[in-house]
Amino acid sequence: MADATTAEELARLAAAGDRAALDRLLTVLRPEVVRRCGRFLPCREDAEEAAQDVLLQVARHIGGFEGRSRFSTWLYTVVANCCRQKYRELRRRAAEQPAVEVPEPADPRTTSVIAGSRIDLLEALDQLEREHPHLVAPLVYRDLCQLDYAEAAERAGIPLGTLKSRLHEARRRVRPWLSAH
C-alpha cells in the first residue's frame with residue numbers, strides 16, 4: 001500500500017464519518033486494489049471492474065471497520081470477496097451466451113498459462129464453497145490474502161487450531177482440482 005500508516009489513519013477517520021478522509025482513502029487505495037484484483041482476475045478489464053466494486057464496498061461499509069485488526073486485513077477480505085463475485089458473474093455470463101460458430105478472437109483469460117492457473121484457482125474455490133463452505137475463509141485469508149495465521153483466524157472468527165485444521169483440509173481438497181488442469 002502507498003503508505004500503510006496513512007491508509008490506516010485515513011480508514012480510522014473515514015470509519016468515524018470523516019468524508020474527506022474517505023475520499024482520500026479511496027484515491028490512495030485504488031492502485032493497490034487494482035493490483036490485488038489482478039492477482040485474482042488476470043484479464044485487466046475484469047480486475048478493474050472488480051476494483052471498482054471493492055472501492056464501492058469500502059465506501060459503503062467503512063463504518064463497519066472497527067479497527068480491531070489492521071485496515072489492510074479488512075480490505076483484502078473485501079478484495080477477495082469482490083473478485084470471487086466477479087468471477088461467478090463472468091462464469092454465469094459465459095454460460096448464458098449462445099454458442100457462436102464464428103471464430104472469436106482468443107480470450108486472454110483462457111490463453112495464458114498464468115491466467116489459466118488463476119481461473120483454475122477461482123473455479124476450485126467455487127467448487128470448495130459448494131461442497132465445504134466452512135473451508136473457504138481459511139484458504140482465502142491465509143493463502144490468497146496472505147494474512148498470518150493469527151490474523152486469518154481472527155478474521156474467520158475461529159480459534160487458531162481450527163483455522164490450521166481447516167486450512168490443511170482445504171488445501172488437501174483443492175490440490176487435486178488444481179493439478180487436474
# chains A, B, ... in the order shown; residues from 1 in each chain; ligands from 1
call {"tool": "closest_atom_pairs", "arguments": {"of": "range 30-112 of chain A", "to": "range 146-156 of chain A", "cutoff": "10 Å", "atoms": "only C-alpha atoms", "output": "tab-separated table"}}
result
residue	atom	partner	partner_atom	distance
A:Arg68	CA	A:Glu154	CA	9.6
A:Ser69	CA	A:Glu151	CA	7.6
A:Arg70	CA	A:Glu151	CA	9.0
A:Ser72	CA	A:Leu147	CA	9.5
A:Thr73	CA	A:Leu147	CA	7.1
A:Trp74	CA	A:Arg155	CA	8.0
A:Tyr76	CA	A:Gln146	CA	8.9
A:Thr77	CA	A:Arg155	CA	8.5
call {"tool": "residues_around", "arguments": {"residues": "Leu29 in chain A", "least_positions_apart": "6", "cutoff": "12 Å", "atoms": "only C-alpha atoms", "output": "JSON, numbers by chain"}}
result
{"A": [1, 2, 3, 4, 6, 7, 8, 10, 11, 21, 22, 23, 35, 36, 37, 51, 52, 54, 55, 56, 58, 59, 71, 72, 75, 76, 79]}
call {"tool": "write_last_selection", "arguments": {"atoms": "N, CA, C and O atoms", "output": "compact mmCIF listing (two decimals), in the first residue's frame"}}
result
# COMPACT_ATOMS: atom_id res chain seq x y z
N MET A 1 0.85 -1.17 0.00
CA MET A 1 0.00 0.00 0.00
C MET A 1 0.89 1.23 0.00
O MET A 1 1.99 1.19 0.54
N ALA A 2 0.42 2.33 -0.55
CA ALA A 2 1.23 3.53 -0.69
C ALA A 2 1.93 3.88 0.63
O ALA A 2 3.13 3.92 0.70
N ASP A 3 1.21 4.12 1.65
CA ASP A 3 1.76 4.38 2.98
C ASP A 3 0.78 3.77 3.96
O ASP A 3 -0.30 4.31 4.20
N ALA A 4 1.17 2.62 4.50
CA ALA A 4 0.26 1.87 5.38
C ALA A 4 -0.23 2.71 6.53
O ALA A 4 -1.40 2.66 6.90
N THR A 6 -0.62 5.94 6.65
CA THR A 6 -1.59 6.89 6.12
C THR A 6 -2.91 6.19 5.85
O THR A 6 -3.97 6.70 6.24
N ALA A 7 -2.88 5.05 5.21
CA ALA A 7 -4.12 4.32 4.90
C ALA A 7 -4.83 3.91 6.18
O ALA A 7 -6.05 4.03 6.28
N GLU A 8 -4.07 3.43 7.17
CA GLU A 8 -4.68 3.03 8.44
C GLU A 8 -5.36 4.22 9.10
O GLU A 8 -6.49 4.12 9.59
N LEU A 10 -6.31 7.09 7.67
CA LEU A 10 -7.45 7.53 6.86
C LEU A 10 -8.65 6.62 7.07
O LEU A 10 -9.79 7.09 7.14
N ALA A 11 -8.41 5.31 7.18
CA ALA A 11 -9.50 4.36 7.40
C ALA A 11 -10.19 4.62 8.73
O ALA A 11 -11.42 4.59 8.82
N ALA A 21 -11.66 12.24 4.54
CA ALA A 21 -10.72 11.14 4.75
C ALA A 21 -11.10 9.94 3.88
O ALA A 21 -10.23 9.27 3.32
N LEU A 22 -12.40 9.68 3.74
CA LEU A 22 -12.86 8.58 2.88
C LEU A 22 -12.47 8.83 1.43
O LEU A 22 -11.95 7.93 0.77
N ASP A 23 -12.70 10.04 0.95
CA ASP A 23 -12.33 10.37 -0.43
C ASP A 23 -10.83 10.18 -0.66
O ASP A 23 -10.41 9.60 -1.65
N ARG A 35 -4.19 -3.74 -8.40
CA ARG A 35 -3.13 -4.75 -8.42
C ARG A 35 -3.58 -6.03 -7.72
O ARG A 35 -3.38 -7.12 -8.24
N ARG A 36 -4.20 -5.89 -6.57
CA ARG A 36 -4.68 -7.07 -5.83
C ARG A 36 -5.75 -7.82 -6.62
O ARG A 36 -5.75 -9.04 -6.66
N CYS A 37 -6.66 -7.09 -7.24
CA CYS A 37 -7.70 -7.74 -8.04
C CYS A 37 -7.07 -8.47 -9.23
O CYS A 37 -7.55 -9.53 -9.63
N ALA A 51 -12.16 -3.99 -9.00
CA ALA A 51 -11.58 -2.93 -8.16
C ALA A 51 -12.61 -1.84 -7.89
O ALA A 51 -12.71 -1.34 -6.76
N GLN A 52 -13.40 -1.51 -8.91
CA GLN A 52 -14.47 -0.52 -8.70
C GLN A 52 -15.47 -1.04 -7.65
O GLN A 52 -15.92 -0.28 -6.80
N VAL A 54 -14.80 -3.12 -5.26
CA VAL A 54 -14.12 -3.07 -3.96
C VAL A 54 -14.21 -1.67 -3.38
O VAL A 54 -14.59 -1.48 -2.21
N LEU A 55 -13.88 -0.67 -4.19
CA LEU A 55 -13.90 0.71 -3.69
C LEU A 55 -15.31 1.13 -3.30
O LEU A 55 -15.49 1.84 -2.30
N LEU A 56 -16.30 0.67 -4.04
CA LEU A 56 -17.69 0.96 -3.68
C LEU A 56 -18.04 0.31 -2.34
O LEU A 56 -18.67 0.93 -1.48
N VAL A 58 -15.94 -0.49 0.05
CA VAL A 58 -15.20 0.24 1.09
C VAL A 58 -15.99 1.50 1.45
O VAL A 58 -16.21 1.78 2.64
N ALA A 59 -16.41 2.25 0.44
CA ALA A 59 -17.16 3.49 0.70
C ALA A 59 -18.46 3.21 1.47
O ALA A 59 -18.80 3.94 2.40
N PHE A 71 -6.36 -2.33 8.88
CA PHE A 71 -7.25 -2.00 7.78
C PHE A 71 -6.93 -2.85 6.56
O PHE A 71 -7.83 -3.30 5.85
N SER A 72 -5.64 -3.12 6.32
CA SER A 72 -5.26 -3.92 5.16
C SER A 72 -5.89 -5.31 5.23
O SER A 72 -6.29 -5.87 4.20
N LEU A 75 -9.45 -4.82 4.20
CA LEU A 75 -9.50 -4.53 2.78
C LEU A 75 -9.29 -5.78 1.94
O LEU A 75 -10.00 -6.01 0.95
N TYR A 76 -8.31 -6.61 2.28
CA TYR A 76 -8.02 -7.79 1.48
C TYR A 76 -9.18 -8.77 1.49
O TYR A 76 -9.41 -9.48 0.51
N VAL A 79 -11.49 -7.37 -1.08
CA VAL A 79 -10.94 -7.66 -2.41
C VAL A 79 -11.23 -9.10 -2.80
O VAL A 79 -11.73 -9.38 -3.90
call {"tool": "atom_distance", "arguments": {"atom1": "CA of Val136 in chain A", "atom2": "CA of Ala170 in chain A"}}
result
7.1 Å
call {"tool": "select_by_dssp", "arguments": {"residues": "chain A", "states": "alpha helix (DSSP H)", "output": "MDAnalysis selection string"}}
result
chainID A and resid 4:15 19:40 44:61 71:96 108:111 113:131 136:139 149:156 160:179
call {"tool": "residues_around", "arguments": {"residues": "Arg88 in chain A", "least_positions_apart": "2", "cutoff": "12 Å", "atoms": "only C-alpha atoms", "output": "PyMOL selection string"}}
result
chain A and resi 41+46+50+81-86+90-95+119+122-127+129
call {"tool": "atom_distance", "arguments": {"atom1": "CA of Leu167 in chain A", "atom2": "CA of Glu131 in chain A"}}
result
14.9 Å
call {"tool": "closest_residue", "arguments": {"among": "A:Glu9, A:Glu32, A:Ala15, A:Thr162", "to": "Phe65 in chain A", "atoms": "only C-alpha atoms"}}
result
A:Ala15
call {"tool": "closest_residue", "arguments": {"among": "A:Arg142, A:His132, A:Arg24, A:Arg60", "to": "Val174 in chain A", "atoms": "only C-alpha atoms"}}
result
A:His132
